[in-house]
Each structure stands twice: as structure tokens, then as C-alpha cells.
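Colleague: Here you go, model21.txt (compact mmCIF, C-alpha atoms):
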```txt
# COMPACT_ATOMS: atom_id res chain seq x y z
CA MET A 227 119.87 120.40 96.93
CA VAL A 228 116.92 118.04 96.49
CA ASN A 229 116.58 118.70 92.77
CA ASP A 230 120.05 119.77 91.65
CA ASP A 231 120.60 117.17 88.96
CA SER A 232 123.86 118.71 87.70
CA ARG A 233 126.01 117.49 90.58
CA THR A 234 127.68 114.08 90.73
CA PRO A 235 125.02 111.73 92.06
CA PRO A 236 125.73 110.53 95.61
CA ARG A 237 125.77 106.80 96.30
CA ARG A 238 122.36 106.74 97.97
CA ARG A 239 120.46 109.19 95.77
CA THR A 240 116.81 108.17 96.22
CA GLY A 241 113.59 108.90 94.37
CA LEU A 242 110.38 109.84 96.14
CA TRP A 243 107.48 109.22 93.77
CA PHE A 244 104.15 110.58 94.98
CA LEU A 245 100.77 109.25 93.94
CA GLY A 246 98.70 112.41 94.18
CA ALA A 247 101.83 114.51 93.61
CA ARG A 248 99.92 117.78 93.20
CA GLY A 249 97.74 117.38 96.28
CA SER A 250 98.15 119.23 99.55
CA VAL A 251 100.14 116.57 101.42
CA ALA A 252 102.58 115.87 98.59
CA THR A 253 103.03 119.58 97.84
CA THR A 254 103.72 120.35 101.51
CA ALA A 255 106.18 117.46 101.73
CA THR A 256 107.93 118.53 98.52
CA LEU A 257 108.21 122.12 99.70
CA GLY A 258 109.50 120.91 103.06
CA ALA A 259 112.14 118.67 101.51
CA LEU A 260 113.37 121.51 99.32
CA ALA A 261 113.43 123.94 102.24
CA LEU A 262 115.30 121.49 104.47
CA ALA A 263 117.86 120.80 101.75
CA ARG A 264 118.54 124.54 101.45
CA GLY A 265 118.64 125.06 105.20
CA HIS A 266 115.50 127.23 105.05
CA ALA A 267 113.48 125.23 107.59
CA PRO A 268 113.91 123.46 110.94
CA THR A 269 113.32 119.72 111.28
CA THR A 270 110.27 120.14 113.53
CA GLY A 271 107.87 117.23 113.00
CA LEU A 272 110.42 114.91 111.37
CA VAL A 273 110.57 111.72 113.43
CA SER A 274 113.44 110.52 111.24
CA GLU A 275 115.63 113.33 112.58
CA LEU A 276 115.29 112.17 116.21
CA PRO A 277 118.49 110.40 117.31
CA ASP A 278 116.76 107.10 118.12
CA VAL A 279 115.46 106.89 114.52
CA ALA A 280 118.23 108.66 112.59
CA ARG A 281 120.71 106.05 113.83
CA ALA A 282 119.15 103.63 111.33
CA GLY A 283 121.46 105.08 108.68
CA LEU A 284 118.83 106.88 106.62
CA VAL A 285 119.28 108.59 103.28
CA GLY A 286 119.59 112.36 103.70
CA VAL A 287 116.66 114.62 102.91
CA ASP A 288 118.98 116.45 100.50
CA GLU A 289 119.40 113.19 98.55
CA LEU A 290 115.68 112.88 97.75
CA VAL A 291 114.54 113.57 94.18
CA VAL A 292 110.79 114.08 93.88
CA GLY A 293 108.42 113.13 91.07
CA GLY A 294 105.04 111.46 90.81
CA HIS A 295 101.69 110.75 89.21
CA ASP A 296 98.56 112.90 89.30
CA VAL A 297 95.58 113.52 87.09
CA ALA A 298 95.45 117.35 87.18
CA GLY A 299 96.61 120.54 88.85
CA SER A 300 99.96 122.21 89.52
CA ILE A 301 102.35 121.90 92.46
CA VAL A 302 103.24 125.59 92.22
CA GLU A 303 99.60 126.68 92.24
CA ARG A 304 98.79 124.34 95.12
CA ALA A 305 101.76 125.68 97.11
CA HIS A 306 100.50 129.25 96.64
CA GLU A 307 97.03 128.14 97.77
CA LEU A 308 98.49 126.52 100.87
CA ALA A 309 100.45 129.70 101.61
CA ALA A 310 97.30 131.81 101.24
CA SER A 311 95.50 129.63 103.80
CA GLY A 312 98.39 129.82 106.27
CA VAL A 313 99.54 126.20 105.95
CA VAL A 314 103.05 127.00 104.65
CA PRO A 315 105.10 130.24 104.68
CA ALA A 316 104.49 132.42 101.62
CA ALA A 317 108.14 133.50 101.62
CA THR A 318 109.28 129.88 101.39
CA VAL A 319 106.99 129.23 98.43
CA ALA A 320 108.28 132.34 96.66
CA ALA A 321 111.92 131.41 97.28
CA LEU A 322 111.45 127.86 96.00
CA ALA A 323 108.97 128.47 93.17
CA ASP A 324 111.47 127.49 90.46
CA ASP A 325 112.38 124.27 92.28
CA LEU A 326 108.70 123.44 92.71
CA ALA A 327 108.18 123.99 88.99
CA THR A 328 111.06 121.60 88.28
CA VAL A 329 109.35 118.92 90.37
CA ASP A 330 106.00 119.65 88.72
CA ALA A 331 107.55 118.99 85.31
CA ARG A 332 108.36 115.45 86.47
CA VAL A 333 104.74 114.61 87.31
CA ARG A 334 103.16 112.20 84.84
CA PRO A 335 99.45 111.61 84.09
CA GLY A 336 97.93 109.25 86.63
CA ALA A 337 95.56 106.32 86.25
CA SER A 338 91.95 106.85 85.36
CA GLY A 339 89.31 104.42 84.23
CA THR A 340 89.89 100.73 83.62
CA ALA A 341 92.69 98.76 85.23
CA ASP A 342 94.32 97.14 82.22
CA ARG A 343 97.74 96.00 81.04
CA ALA A 344 98.43 99.11 78.97
CA THR A 345 97.83 101.44 81.92
CA ALA A 346 99.85 99.29 84.30
CA ASP A 347 102.75 99.19 81.84
CA ARG A 348 102.62 102.96 81.36
CA LEU A 349 102.70 103.65 85.11
CA GLN A 350 105.57 101.20 85.57
CA ALA A 351 107.52 102.76 82.71
CA ASP A 352 107.12 106.23 84.25
CA ILE A 353 108.77 105.09 87.48
CA GLU A 354 111.54 103.23 85.67
CA ALA A 355 112.27 106.23 83.43
CA PHE A 356 112.41 108.53 86.48
CA ARG A 357 114.92 106.24 88.17
CA ALA A 358 117.10 106.01 85.08
CA GLU A 359 116.97 109.71 84.18
CA HIS A 360 118.09 110.85 87.62
CA ASP A 361 120.53 107.99 88.28
CA LEU A 362 118.73 106.87 91.44
CA GLU A 363 119.65 103.97 93.70
CA ARG A 364 115.96 103.27 94.26
CA VAL A 365 112.53 104.90 94.07
CA VAL A 366 110.05 104.75 96.96
CA VAL A 367 106.42 105.16 95.86
CA VAL A 368 104.20 106.92 98.42
CA ASP A 369 100.42 106.99 98.00
CA VAL A 370 98.90 110.24 99.28
CA SER A 371 96.09 110.32 96.72
CA SER A 372 92.39 110.72 97.51
CA THR A 373 90.78 108.04 99.67
CA GLU A 374 88.88 105.37 97.74
CA PRO A 375 85.85 103.28 98.71
CA PRO A 376 86.61 99.72 99.89
CA ALA A 377 87.26 97.27 97.04
CA PRO A 378 86.14 93.81 98.23
CA ASP A 379 86.34 92.20 94.77
CA ALA A 380 90.09 92.85 94.59
CA HIS A 381 90.73 90.68 97.66
CA ALA A 382 89.60 87.54 95.82
CA LEU A 383 92.33 87.78 93.18
CA THR A 384 95.34 85.50 93.05
CA LEU A 385 98.43 86.90 91.35
CA THR A 386 97.90 84.60 88.36
CA GLU A 387 94.29 85.72 88.04
CA LEU A 388 95.29 89.36 88.38
CA GLU A 389 97.81 89.08 85.57
CA ARG A 390 95.25 87.41 83.30
CA ARG A 391 92.55 89.97 84.01
CA LEU A 392 94.90 92.88 83.45
CA ASP A 393 95.59 91.39 80.02
CA ASP A 394 91.88 91.26 79.13
CA GLY A 395 90.98 94.56 80.86
CA THR A 396 88.62 93.10 83.48
CA ALA A 397 90.76 93.38 86.64
CA PRO A 398 88.60 94.72 89.53
CA LEU A 399 91.46 96.84 90.86
CA PRO A 400 90.99 100.30 92.35
CA ALA A 401 93.52 102.90 91.23
CA SER A 402 95.55 102.58 94.45
CA SER A 403 96.11 98.87 93.82
CA LEU A 404 96.95 99.40 90.15
CA TYR A 405 99.58 101.94 91.20
CA ALA A 406 100.97 99.48 93.77
CA TYR A 407 101.14 96.77 91.11
CA ALA A 408 103.04 99.07 88.75
CA ALA A 409 105.39 100.18 91.54
CA PHE A 410 106.25 96.63 92.54
CA ARG A 411 106.80 95.68 88.89
CA ALA A 412 109.19 98.65 88.63
CA GLY A 413 111.15 97.29 91.61
CA SER A 414 109.95 100.02 93.99
CA PRO A 415 108.82 99.67 97.60
CA VAL A 416 105.48 101.25 98.46
CA VAL A 417 104.10 103.33 101.33
CA CYS A 418 100.30 103.32 101.59
CA PHE A 419 99.62 106.51 103.55
CA THR A 420 95.86 106.47 102.79
CA PRO A 421 93.16 103.99 103.90
CA SER A 422 92.68 102.91 100.27
CA THR A 423 93.23 99.26 99.36
CA GLY A 424 96.65 99.75 97.75
CA PRO A 425 98.94 96.71 98.11
CA ARG A 426 96.79 95.10 100.78
CA ILE A 427 95.33 92.30 98.69
CA PRO A 428 96.72 88.76 98.47
CA ALA A 429 97.83 89.10 94.85
CA LEU A 430 99.96 92.18 95.52
CA GLU A 431 101.31 90.87 98.82
CA GLU A 432 102.45 87.80 96.85
CA LEU A 433 104.00 90.00 94.16
CA ALA A 434 105.96 92.05 96.73
CA LYS A 435 107.21 88.85 98.35
CA THR A 436 108.20 87.36 95.00
CA LEU A 437 110.14 90.49 94.06
CA HIS A 438 111.67 90.86 97.57
CA LEU A 439 110.19 94.32 98.14
CA PRO A 440 109.12 95.98 101.39
CA TRP A 441 105.95 98.00 101.79
CA ALA A 442 104.32 99.87 104.64
CA GLY A 443 100.83 100.97 105.59
CA ARG A 444 98.02 101.69 106.10
CA ASP A 445 96.52 105.17 106.65
CA GLY A 446 98.86 107.70 108.25
CA LYS A 447 98.25 108.43 111.93
CA THR A 448 98.36 112.22 112.01
CA GLY A 449 95.84 113.68 114.44
CA GLU A 450 92.83 112.35 116.32
CA THR A 451 93.90 108.71 116.06
CA LEU A 452 97.33 109.73 117.37
CA LEU A 453 95.51 110.93 120.50
CA LYS A 454 93.58 107.67 120.75
CA ALA A 455 96.77 105.62 120.48
CA THR A 456 98.21 107.68 123.34
CA LEU A 457 95.17 107.97 125.62
CA ALA A 458 93.59 104.50 125.25
CA PRO A 459 96.62 102.80 126.90
CA MET A 460 96.20 105.22 129.84
CA PHE A 461 92.74 103.84 130.54
CA ALA A 462 93.95 100.26 130.12
CA THR A 463 96.94 100.57 132.46
CA ARG A 464 94.88 102.42 135.08
CA ALA A 465 92.26 99.60 134.99
CA LEU A 466 89.51 102.10 134.06
CA ALA A 467 86.60 100.67 132.08
CA VAL A 468 85.80 102.70 128.98
CA ARG A 469 82.08 102.60 128.24
CA SER A 470 81.96 104.75 125.11
CA TRP A 471 84.33 106.69 122.86
CA SER A 472 82.69 108.98 120.33
CA ALA A 473 84.77 110.82 117.74
CA PHE A 474 83.54 113.69 115.58
CA ASN A 475 85.72 115.23 112.85
CA ILE A 476 85.09 118.28 110.69
CA LEU A 477 87.47 119.27 107.93
CA GLY A 478 87.67 121.16 104.65
CA GLY A 479 90.03 120.94 101.67
CA GLY A 480 90.23 118.20 99.10
CA ASP A 481 90.29 115.45 101.72
CA GLY A 482 87.09 116.80 103.23
CA ARG A 483 85.38 116.89 99.83
CA THR A 484 86.43 113.31 99.15
CA LEU A 485 85.26 112.07 102.54
CA ALA A 486 81.88 113.75 102.10
CA ASP A 487 81.14 110.69 99.93
CA PRO A 488 79.95 107.99 102.37
CA ALA A 489 81.56 105.25 100.28
CA ALA A 490 84.99 106.90 100.49
CA ALA A 491 84.49 107.77 104.17
CA ALA A 492 83.85 104.10 104.98
CA SER A 493 87.54 103.27 104.46
CA LYS A 494 88.64 106.15 106.70
CA THR A 495 86.21 105.59 109.55
CA ALA A 496 87.10 101.90 109.65
CA THR A 497 90.79 102.60 110.29
CA LYS A 498 90.01 105.42 112.74
CA ALA A 499 87.68 103.19 114.78
CA MET A 500 89.99 100.21 115.26
CA THR A 501 92.59 101.73 117.61
CA VAL A 502 90.54 102.00 120.81
CA GLU A 503 89.17 98.46 120.75
CA ALA A 504 92.53 97.03 119.68
CA VAL A 505 94.26 98.66 122.67
CA LEU A 506 91.54 97.99 125.26
CA GLY A 507 90.71 94.48 124.10
CA TYR A 508 86.91 94.82 124.27
CA PRO A 509 84.12 96.46 122.23
CA VAL A 510 83.48 100.14 122.92
CA GLU A 511 80.30 101.95 121.93
CA GLY A 512 80.47 105.22 120.04
CA PRO A 513 80.27 106.63 116.51
CA VAL A 514 83.15 107.86 114.37
CA ARG A 515 82.03 110.69 112.09
CA ILE A 516 83.76 112.76 109.44
CA ASP A 517 81.95 115.80 108.04
CA HIS A 518 83.03 118.26 105.38
CA VAL A 519 82.98 121.98 106.24
CA ALA A 520 84.37 123.85 103.24
CA ASP A 521 85.11 126.99 105.25
CA LEU A 522 87.82 125.16 107.23
CA GLY A 523 90.06 124.80 104.16
CA ASP A 524 93.09 122.65 104.99
CA TRP A 525 92.35 122.70 108.72
CA LYS A 526 90.39 120.23 110.80
CA THR A 527 88.89 119.92 114.26
CA ALA A 528 88.30 116.65 116.07
CA TRP A 529 86.27 116.29 119.27
CA ASP A 530 86.43 113.07 121.31
CA HIS A 531 83.92 112.33 124.08
CA VAL A 532 84.85 109.43 126.39
CA THR A 533 82.79 107.95 129.22
CA PHE A 534 84.36 105.51 131.66
CA ASP A 535 83.86 103.77 135.00
CA GLY A 536 86.19 104.24 137.95
CA PHE A 537 86.42 102.61 141.38
CA LEU A 538 83.08 101.37 142.75
CA GLY A 539 81.46 102.12 139.39
CA THR A 540 81.81 105.90 139.59
CA ARG A 541 80.84 107.31 136.18
CA MET A 542 83.25 109.85 134.67
CA ARG A 543 83.94 111.46 131.33
CA MET A 544 86.76 113.05 129.35
CA GLN A 545 86.51 115.44 126.42
CA VAL A 546 89.40 116.34 124.13
CA THR A 547 89.48 118.79 121.22
CA TRP A 548 92.20 118.57 118.59
CA GLU A 549 92.68 121.33 116.02
CA GLY A 550 95.35 121.01 113.38
CA CYS A 551 96.38 121.13 109.76
CA ASP A 552 96.41 117.71 108.16
CA SER A 553 98.92 118.61 105.45
CA ALA A 554 101.45 119.99 107.94
CA LEU A 555 101.00 116.96 110.21
CA ALA A 556 101.20 114.41 107.39
CA ALA A 557 104.02 115.87 105.26
CA PRO A 558 106.94 115.19 107.65
CA LEU A 559 105.66 111.66 108.28
CA VAL A 560 105.67 111.05 104.53
CA LEU A 561 109.33 112.07 104.38
CA ASP A 562 110.07 109.89 107.42
CA LEU A 563 108.45 106.87 105.83
CA ALA A 564 110.17 107.36 102.48
CA ARG A 565 113.56 107.40 104.22
CA LEU A 566 112.77 104.43 106.48
CA VAL A 567 111.33 102.27 103.70
CA ALA A 568 114.29 103.13 101.48
CA ARG A 569 116.56 101.85 104.26
CA ALA A 570 114.45 98.69 104.60
CA HIS A 571 114.81 98.11 100.87
CA GLU A 572 118.53 98.74 101.08
CA VAL A 573 119.01 95.97 103.67
CA GLY A 574 116.72 93.47 101.93
CA VAL A 575 113.52 93.59 104.01
CA THR A 576 110.59 91.91 102.22
CA GLY A 577 106.85 92.30 102.72
CA PRO A 578 104.91 94.54 105.12
CA VAL A 579 107.19 96.35 107.58
CA GLY A 580 105.27 96.00 110.84
CA GLU A 581 107.97 97.90 112.72
CA LEU A 582 106.62 101.08 111.08
CA GLY A 583 103.23 100.70 112.78
CA PHE A 584 104.01 103.84 114.80
CA PHE A 585 103.03 105.87 111.72
CA PHE A 586 99.72 104.17 110.84
CA LYS A 587 96.12 103.81 112.00
CA ASP A 588 95.98 100.30 110.53
CA PRO A 589 99.52 98.99 111.05
CA VAL A 590 99.87 96.20 108.52
CA GLY A 591 102.25 93.52 109.78
CA SER A 592 101.63 94.33 113.46
CA ALA A 593 98.76 93.91 115.92
CA GLU A 594 100.09 96.65 118.23
CA HIS A 595 98.18 99.96 118.38
CA ALA A 596 99.50 101.59 121.58
CA LEU A 597 101.78 104.45 120.59
CA ALA A 598 104.44 103.97 123.28
CA ALA A 599 104.83 100.28 122.44
CA GLN A 600 104.99 101.12 118.74
CA TRP A 601 107.71 103.66 119.44
CA GLN A 602 109.79 101.06 121.29
CA THR A 603 109.42 98.65 118.38
CA LEU A 604 110.43 101.34 115.89
CA THR A 605 113.51 102.45 117.79
CA ARG A 606 114.69 98.87 118.37
CA TRP A 607 114.37 98.23 114.64
CA CYS A 608 116.27 101.42 113.84
CA ALA A 609 119.04 100.40 116.24
CA GLY A 610 119.34 97.11 114.37
CA LEU A 611 119.53 98.93 111.04
CA GLY A 612 122.24 101.15 112.47
CA ASP A 613 124.23 98.11 113.54
CA ALA A 614 123.84 96.71 110.01
CA ALA A 615 125.10 100.00 108.55
CA ARG A 616 128.23 99.90 110.69
CA ALA A 617 128.81 96.26 109.80
CA ASP A 618 128.61 97.22 106.12
CA GLY A 619 131.37 99.77 106.64
CA HIS A 620 129.48 103.06 106.80
CA ALA A 621 128.08 104.88 109.78
CA GLY A 622 124.90 106.01 108.11
CA VAL A 623 123.60 109.53 107.81
CA ALA A 624 123.68 111.94 110.70
CA PRO A 625 120.57 113.92 111.58
CA HIS A 626 119.97 116.87 109.27
CA GLY A 627 122.21 119.75 110.19
CA ALA A 628 124.44 117.65 112.44
CA ALA A 629 128.20 117.83 112.07
```
For the structure just supplied, provide its representation as C-alpha cells.

Modeller:
Amino acid sequence: MVNDDSRTPPRRRTGLWFLGARGSVATTATLGALALARGHAPTTGLVSELPDVARAGLVGVDELVVGGHDVAGSIVERAHELAASGVVPAATVAALADDLATVDARVRPGASGTADRATADRLQADIEAFRAEHDLERVVVVDVSSTEPPAPDAHALTLTELERRLDDGTAPLPASSLYAYAAFRAGSPVVCFTPSTGPRIPALEELAKTLHLPWAGRDGKTGETLLKATLAPMFATRALAVRSWSAFNILGGGDGRTLADPAAAASKTATKAMTVEAVLGYPVEGPVRIDHVADLGDWKTAWDHVTFDGFLGTRMRMQVTWEGCDSALAAPLVLDLARLVARAHEVGVTGPVGELGFFFKDPVGSAEHALAAQWQTLTRWCAGLGDAARADGHAGVAPHGAA
């Protein structure tokens, strides 16, 4: 089981440390990992269970031990809220309530206020203590916390300057970057699933390289941008000229409340807007909007309106509506990324893992945004990891439930 600490630890026992551990995405992912480990749920939505990806030799879902940082709340209470809104099955929450409480007891107070040495050391110590207490091979830190406003001042820091300013309490780091700093110092790879700054500043990229750690990001590609990454290449390969692409998103829940702040929304709309122009190779008119509608709860609706020119300049249009639940779309990807980044760490990959661009709106380490091309890159990389696993004398982990 995911959290059965009484058994003899397996060789690849791996920690999954959530930033925002009591939020909707982390709670859904935790519940899903527990349910999968007990055989209470199918693997629907898990890319890492597809044969072309599982052949990488990934750690099993049942070998994940979950903990994390957060500033308030309860995983158990959040799980019941998600069940009440139809996001997760109420029966699954009831059956796993004790296991969820066990995970909740591992959550430590998160960062708040000034980025200083004492806070960084405390966050680092939490991760190190978690790894030691549960006898883990490694801990992967996954940021699913609330989206932050852009932090331009952080990009000017060198690693030396960052260290000095942490000591005197003047480091202009947002919380996501402070967490990434602490994770790297604890020897943990990082997944930046939000559009927040996280490890994407020169000082932290240098730190990850110095410590030989992989990291992946940025901003998980769960819904409307997934459509863009699929449909934009269609226009390009059919030689159709896109004139405008407008995207309107309405959502509720905690993410919606956060993105109601224009400063926080700026990070999100920037990553959502880049896919179309990156694929087509030319500027495309059209707004990207995100609006909070509290009544929607954990659900969201996205409407895309596309105008384009065909043969002899014939004007045409396409409209697409996407309705989904962000937590249910994001949670399996979070588990996928934790397993893939753990494997990257295991084989000694350093720096941003561009091969994981398939999962992100802003694929750090890769300029490719077309989904099919990203999939080919991912599966080739996984094939290489599988070859490395066999060369090391083990065949890797079979897909969940396989003989």
C-alpha cells in the first residue's frame, strides 16, 4: 500500500512531496494513488501506465509515500468536499479516510512571508526528515500550490547573490522559488506544475546543475491548452492561415479565486497564450481570458473561437467548447511526472527535462509545443530509459495491474 510503513521498504521506495498538499489537485492525486495501490481504481488518465511510457522502468504507484507542505486545511476535509461536488467517489473517500489522515499528519507548515535563511533551512529539513523517516530512495517535490504573480526581480539573482540575500533576509524570492531552493538543497528533483516562477530563475537553474538534479515544468497542460496543442498543428499541416484564436475560460474553486487576481492571472494567461503562436510560427490575434464563477466549484468551461483563411481566401471559423474538472485532469499527470522525474533522477539526468514537454504549457528545455511531436519525444526518451534499466540488470516496473 502507498502508506504502509510497517513492511520492509522496497528498493525503489519513493517520496512524493506536494507543495499545496491540502489543495484539490494534491488531494485528488493522493486519493488516486491510495486507491490504485489498493486496487480500488482503474488507471484511466495515467499516461505512465501506457506501454510506451511504462517501459521506462518507473517506480510503482504502490511504492509512493506522500507528504508535503501547506499553510492550512485538511486533506480529509478537502477529499470530502471534492466528493460532495462529484469530483471523486464518496465511497472511495470513506474507504480511505484513515489513509488520508495518515498522509495529512505528514504535512508540514509551508512558507509564508519573507524568504530568509531560517525558512529555507526549515523547509529543507522537513524534506530530509521525511526521506529519512520513511527510508526513501529519493523524494520528488511537486508544486501544485496556488499560482503566483510574475517575479521579475528574482530573475536578476546569481546563486552567490541569492545565498547572501537569504542570509540577510532580503531575497526577492516568491514562495515557489523558495520551495524549489529548499528542495534542491535537500537533494530532491522538482516538478513545477503551476505557472509560478519556481526553479525557473538563473540562480536555481545553476543550483540544480551544481547538485546534478533534474527538474521539469512549467504549468501542467490539462485542458484547453491540450486542445490547442492538438488542433494548432492541424491548421499548420493543412496550410490554413489562422487569423485569430480567442480563448475564454470560466472556473470556480480555489484556482478560480486565485486567478480572479489579475496579477496572479498574468502568469497563467502567458503560458496559455504561447502554444498557438509557437506551433504556427506567426502572431495570432485574440484574447486569453480567465474568469472566476464561484458556482462552478471544481469544474471549468473553456470556449475557443478560431477564424482562419482557406483556399482563395475563403473565411471560415471553428468553435470548440471544453468542459472538465481540473483536479481530475491534473491529478494523474502529477503522478505521471513524479514517477518520470524519479526515473530521471535515478539515471543521473541533470537540469530541465525537456523530454517531458508533453505535460506542460511552457515546456522548459524544449521549444516544441505540438502534442504529437511531444509524444514522440517522450516515448523515445522512455524507450531509452527502458534500455538503461535492462542494462542495469532489472527490467523495470510493469504497468499497474500487469502480471

Colleague: With distances taken over all atoms listed in the file, which residue among A:Val333, A:Val285, A:Val319, A:Ala280 lies nearest A:Ala355?

Modeller: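 For A:Ala355, the nearest of the candidates is A:Val333.
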
Colleague: Can you pull out the residues contacting A:Phe356? Cut-off 10 Å, using all atoms listed in the file, and skip same-chain residues under 5 positions away; I want them as a JSON list (two decimals) with C-alpha atoms, keeping the file's coordinate frame.

Modeller:
```json
[["chain", "number", "residue", "atom", "x", "y", "z"],
["A", 241, "GLY", "CA", 113.59, 108.90, 94.37],
["A", 242, "LEU", "CA", 110.38, 109.84, 96.14],
["A", 243, "TRP", "CA", 107.48, 109.22, 93.77],
["A", 291, "VAL", "CA", 114.54, 113.57, 94.18],
["A", 292, "VAL", "CA", 110.79, 114.08, 93.88],
["A", 293, "GLY", "CA", 108.42, 113.13, 91.07],
["A", 294, "GLY", "CA", 105.04, 111.46, 90.81],
["A", 332, "ARG", "CA", 108.36, 115.45, 86.47],
["A", 333, "VAL", "CA", 104.74, 114.61, 87.31],
["A", 351, "ALA", "CA", 107.52, 102.76, 82.71],
["A", 361, "ASP", "CA", 120.53, 107.99, 88.28],
["A", 362, "LEU", "CA", 118.73, 106.87, 91.44],
["A", 365, "VAL", "CA", 112.53, 104.90, 94.07]]
```

Colleague: So, with only C-alpha atoms as the atoms that count, which of A:Thr533, A:Thr448, A:Ser274, A:Ser553 lies closest to A:Cys608?

Modeller: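 Comparing A:Thr533, A:Thr448, A:Ser274, A:Ser553 against A:Cys608, the winner is A:Ser274.
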
Colleague: May I ask which of the residues A:Gly539, A:Gly413, A:Gly271, A:Pro277 is the closest one to A:Lys435, counting all atoms listed in the file?

Modeller: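 Ranked by minimum distance to A:Lys435, first place goes to A:Gly413.
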
Colleague: Find the residue from A:Leu582, A:Ile301, A:Ala267, A:Leu555 that sits nearest to A:Val313; use all atoms listed in the file when measuring.

Modeller: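 So, comparing all the options, the nearest one is A:Leu555.
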
Colleague: Could you name the residues that touch A:Arg334 at 10 Å or less, counting all atoms listed in the file, but leaving out those on the same chain fewer than 2 positions away, as number ranges by chain?

Modeller: A: 245, 247, 293-298, 330-332, 336-337, 348-349, 352-353

Colleague: When you draw a straight line from atom CA of A:Glu289 to atom CA of A:Pro440, how long is it in Å?

Modeller: 20.2 Å

Colleague: My list of candidates is A:Ala467, A:Leu538, A:Ala557, A:Met500. Which is closest to A:Gly249 when distances are computed with only C-alpha atoms?

Modeller: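 The closest residue to A:Gly249 is A:Ala557.
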
Colleague: Return the single residue from A:His518, A:Gln602, A:Lys454, A:Gly443 that is closest to A:Leu563, with distances computed using only C-alpha atoms.

Modeller: A:Gly443

Colleague: How would stretch 387-407 of chain A of the given structure read as a file with C-alpha atoms, as an mmCIF file, in the first residue's frame?

Modeller:
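Writing the result to decode_15.cif gives the following:
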```
data_model
loop_
_atom_site.group_PDB
_atom_site.id
_atom_site.type_symbol
_atom_site.label_atom_id
_atom_site.label_comp_id
_atom_site.auth_asym_id
_atom_site.auth_seq_id
_atom_site.Cartn_x
_atom_site.Cartn_y
_atom_site.Cartn_z
ATOM 1 C CA GLU A 387 23.761 36.750 -4.542
ATOM 2 C CA LEU A 388 20.795 34.564 -3.648
ATOM 3 C CA GLU A 389 22.716 32.860 -0.864
ATOM 4 C CA ARG A 390 23.848 36.211 0.552
ATOM 5 C CA ARG A 391 20.377 37.724 0.450
ATOM 6 C CA LEU A 392 18.805 34.700 2.085
ATOM 7 C CA ASP A 393 21.279 35.206 4.925
ATOM 8 C CA ASP A 394 20.260 38.848 5.422
ATOM 9 C CA GLY A 395 16.532 38.270 4.741
ATOM 10 C CA THR A 396 16.271 40.435 1.606
ATOM 11 C CA ALA A 397 15.987 37.762 -1.119
ATOM 12 C CA PRO A 398 13.238 38.768 -3.618
ATOM 13 C CA LEU A 399 12.060 35.177 -3.973
ATOM 14 C CA PRO A 400 8.407 34.193 -4.345
ATOM 15 C CA ALA A 401 7.328 31.206 -2.261
ATOM 16 C CA SER A 402 7.516 28.822 -5.235
ATOM 17 C CA SER A 403 11.198 29.643 -5.759
ATOM 18 C CA LEU A 404 11.999 29.394 -2.052
ATOM 19 C CA TYR A 405 10.430 25.926 -2.032
ATOM 20 C CA ALA A 406 12.465 24.957 -5.115
ATOM 21 C CA TYR A 407 15.637 26.197 -3.430
#
```
